[in-house]
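K.L.:
My questions all concern the structure below.
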Amino acid sequence: MSNALLSKENAMSDQFPVVIGICLDAEAIWTGKLPADAYRPVLLSNGAFAIKEGLKPVLELLDHHGIKATFFIPGITADTYPEALAEIRRRGHELGSHTYSHRSVLGLTPAEERQEIARGIEAVERNGGVRPTAWRSASWEWSKHTLDYILEEGVTVSCNFQDRIRPYRHFRDGLPTPVVELPVQWHLADAPFFLYGGDVQRRIRPAAEAESVWMEEFDATYDWPGAFFHLTLHVQLIGHPGRLKMLDRCLTHMRGRNRTRFLTCAEAALLVE
Ligand SMILES: [Zn+2]
């Protein structure tokens with residue numbers, strides 16, 4: 001890395017980009033893990049909460065704060081609930097792709113992975129009326145083929161890697177590609193605090209605990225030159241009353257800092273040369 005690049009990266013910008021990436025998994029959170037979960041109506045209802053209850057207050061909270069987010073939607077969810085995509089888009093948010101059936105790439109053949117990516121993007125485009133350019137895998141995992149496959153489909157934003165707190169560009173064979181990474185972090189996601197059910201048996205944490213971790217990290221990252229803040233949420237997890245109040249407090253806190261700029265993934269990617 002050249003000194004010029006380092007000094008540019010480390011320059012304190014007059015803007016602190018904040019990206020809110022929200023997964024609308026619905027039942028796919030479970031059927032993607034285990035096909036047999038398709039025969040467990042109560043477990044599926046845990047995911048359906050995203051559509052039946054969670055989405056509306058999440059959208060209203062974002063509107064209240066004047067924030068545009070990026071929603072990552074599995075193709076199967078887009079095919080099942082096209083009206084949800086229409087409502088998200090009507091409110092001005094970005095539609096992103098989240099594979100087709102929410103299966104982890106770890107269990108797929110290369111051909112299956114390629115189809116998951118292509119079908120997922122096509123389903124969001126068909127139901128949402130716009131071709132998504134932002135993409136997140138089902139479990140924050142890539143294979144050695146993933147970059148090739150998402151390039152084929154015109155993806156320009158990946159939200160999967162965890163190696164930096166600055167956005168960066170992916171390279172292939174030493175050359176820059178159109179794909180910008182907006183790195184994520186497990187501690188800046190809601191799932192480690194709240195995801196429960198099926199084969200996931202962990203201790204559910206109080207919302208205030210997530211708030212403490214997120215805002216502690218936000219305040220410290222705010223002072224890191226060149227850094228950005230990327231929060232990952234799931235409608236079926238964050239869309240519950242107490243957690244929504246916590247998210248409201250977080251958004252209020254972030255908006256209270258004068259350099260904060262909320263950006264969609266597509267907007268944030270434009271910051272990377
Ligand atoms: Zn998901």
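The way I read the labels, and the way they are meant: chains A, B, ... in the order of the structure tokens, residue 1 as the first residue of every chain, and ligand 1 as the first ligand shown, with later ones counted on from there.
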Just want the 6 Å neighbourhood of segment 205-217 of chain A, counted on only C-alpha atoms, with same-chain residues fewer than 2 positions away dropped. Output as a ChimeraX atom specification.
P.N.:
/A:188,193,219-221,243
K.L.:
Kindly provide, as a ChimeraX atom specification, all nucleotide and amino acid residues lying within 12 Å of ligand 1, counting only C-alpha atoms and all ligand atoms.
P.N.:
/A:21-33,47,50,71-77,96-104,135-141,159-160,189-191,195,232-237
K.L.:
Find the spatial neighbours of Arg169 of chain A, counting only C-alpha atoms, within a cut-off of 9 Å - ignore same-chain residues fewer than 3 positions away - and output them as a count of residues only.
P.N.:
10
K.L.:
Give the strand (DSSP E) residues of segment 27-133 of chain A, as assigned by DSSP on the backbone, as a list in words.
P.N.:
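Secondary structure check on segment 27-133 of chain A, strand (DSSP E): Thr70, Phe71, Phe72, Ile73, Glu94, Leu95, Gly96 and Ser97 of chain A.
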K.L.:
Pick out each residue of segment 50-271 of chain A that DSSP on the backbone tags as alpha helix (DSSP H); I need them as a PyMOL selection string.
P.N.:
chain A and resi 55-65+75-80+82-90+110-128+146-152+191-194+207-222+235-238+241-255+265-269
K.L.:
Mind checking which residues fall within 10 Å of Leu62 of chain A, counting only C-alpha atoms, ignoring those fewer than 4 positions away in the same chain, and posting them as an MDAnalysis selection string?
P.N.:
chainID A and resid 20 57:58 66:69 91 93 247:248 251
K.L.:
Please save C-alpha atoms of the selected residues as an mmCIF file, in the first residue's frame.
P.N.:
```
data_model
loop_
_atom_site.group_PDB
_atom_site.id
_atom_site.type_symbol
_atom_site.label_atom_id
_atom_site.label_comp_id
_atom_site.auth_asym_id
_atom_site.auth_seq_id
_atom_site.Cartn_x
_atom_site.Cartn_y
_atom_site.Cartn_z
ATOM 1 C CA ILE A 20 -28.030 0.333 8.084
ATOM 2 C CA PRO A 57 -42.761 -0.419 12.661
ATOM 3 C CA VAL A 58 -39.207 -0.760 11.326
ATOM 4 C CA GLY A 66 -35.401 10.350 7.884
ATOM 5 C CA ILE A 67 -33.047 7.420 7.237
ATOM 6 C CA LYS A 68 -32.770 5.402 4.014
ATOM 7 C CA ALA A 69 -31.560 1.836 4.621
ATOM 8 C CA ARG A 91 -40.460 4.524 1.133
ATOM 9 C CA HIS A 93 -35.018 2.353 0.615
ATOM 10 C CA LEU A 247 -33.033 1.012 18.014
ATOM 11 C CA ASP A 248 -34.848 4.340 18.271
ATOM 12 C CA LEU A 251 -30.599 6.187 15.798
#
```
K.L.:
Between A:Gly107, A:Pro183, A:Gly154, A:Gly92, which has the minimum distance to Arg166 of chain A (counting only C-alpha atoms)?
P.N.:
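The shortest atom-to-atom distance to Arg166 of chain A comes from A:Pro183.
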K.L.:
Using only C-alpha atoms, find the one residue out of A:Arg90, A:His187, A:Phe218, A:Tyr149 that sits nearest to Glu116 of chain A.
P.N.:
A:Tyr149
K.L.:
Which residue gives the smallest distance to Thr252 of chain A among A:Ala227, A:His64, A:Arg131, A:Gln185, with only C-alpha atoms counted?
P.N.:
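Among the listed residues, A:His64 lies closest to Thr252 of chain A.
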K.L.:
Which residues come within 7 Å of Ile117 of chain A, counting only C-alpha atoms, excluding same-chain residues fewer than 2 positions away, as a PyMOL selection string?
P.N.:
chain A and resi 99-100+113-115+119-121+150
K.L.:
Given the selection you just returned, output its residues as a file containing N, CA, C and O atoms, formatted as a tab-separated table (two decimals), in the first residue's frame.
P.N.:
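Printed below is selection-v1.tsv as written:
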```
chain	number	residue	atom	x	y	z
A	99	THR	N	-29.21	-13.98	-1.64
A	99	THR	CA	-29.30	-15.33	-2.22
A	99	THR	C	-30.76	-15.67	-2.54
A	99	THR	O	-31.64	-14.85	-2.31
A	100	TYR	N	-31.02	-16.86	-3.06
A	100	TYR	CA	-32.42	-17.21	-3.33
A	100	TYR	C	-33.08	-17.85	-2.11
A	100	TYR	O	-34.04	-17.36	-1.58
A	113	GLU	N	-24.24	-22.68	-6.05
A	113	GLU	CA	-23.97	-21.32	-5.56
A	113	GLU	C	-24.27	-20.29	-6.66
A	113	GLU	O	-24.91	-19.27	-6.41
A	114	ARG	N	-23.82	-20.62	-7.85
A	114	ARG	CA	-24.06	-19.69	-8.96
A	114	ARG	C	-25.56	-19.47	-9.19
A	114	ARG	O	-26.02	-18.35	-9.40
A	115	GLN	N	-26.32	-20.56	-9.09
A	115	GLN	CA	-27.77	-20.45	-9.28
A	115	GLN	C	-28.43	-19.67	-8.15
A	115	GLN	O	-29.35	-18.88	-8.38
A	119	ARG	N	-30.54	-16.52	-9.30
A	119	ARG	CA	-31.99	-16.58	-9.05
A	119	ARG	C	-32.41	-15.57	-7.99
A	119	ARG	O	-33.50	-14.99	-8.07
A	120	GLY	N	-31.58	-15.39	-6.99
A	120	GLY	CA	-31.91	-14.44	-5.92
A	120	GLY	C	-32.02	-13.03	-6.46
A	120	GLY	O	-32.95	-12.29	-6.12
A	121	ILE	N	-31.06	-12.63	-7.27
A	121	ILE	CA	-31.07	-11.28	-7.85
A	121	ILE	C	-32.27	-11.12	-8.78
A	121	ILE	O	-32.97	-10.11	-8.76
A	150	ILE	N	-20.71	-13.11	-8.48
A	150	ILE	CA	-21.42	-11.84	-8.26
A	150	ILE	C	-21.02	-10.82	-9.32
A	150	ILE	O	-21.85	-10.00	-9.73
```
K.L.:
Using only C-alpha atoms, which of A:Glu267, A:Asp223, A:Glu152, A:Asp199 sits nearest Leu34 of chain A?
P.N.:
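Nearest to Leu34 of chain A: A:Asp199.
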K.L.:
Please determine, counting only C-alpha atoms, which residue among A:Tyr222, A:Lys56, A:Lys144, A:Thr133 has the shortest atom-to-atom distance to Arg257 of chain A.
P.N.:
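Nearest candidate to Arg257 of chain A out of A:Tyr222, A:Lys56, A:Lys144, A:Thr133: A:Tyr222.
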K.L.:
Which one of A:Lys52, A:Arg202, A:His145, A:His65 sits closest to Met254 of chain A if you count only C-alpha atoms?
P.N.:
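Closest to Met254 of chain A of all the choices is A:His65.
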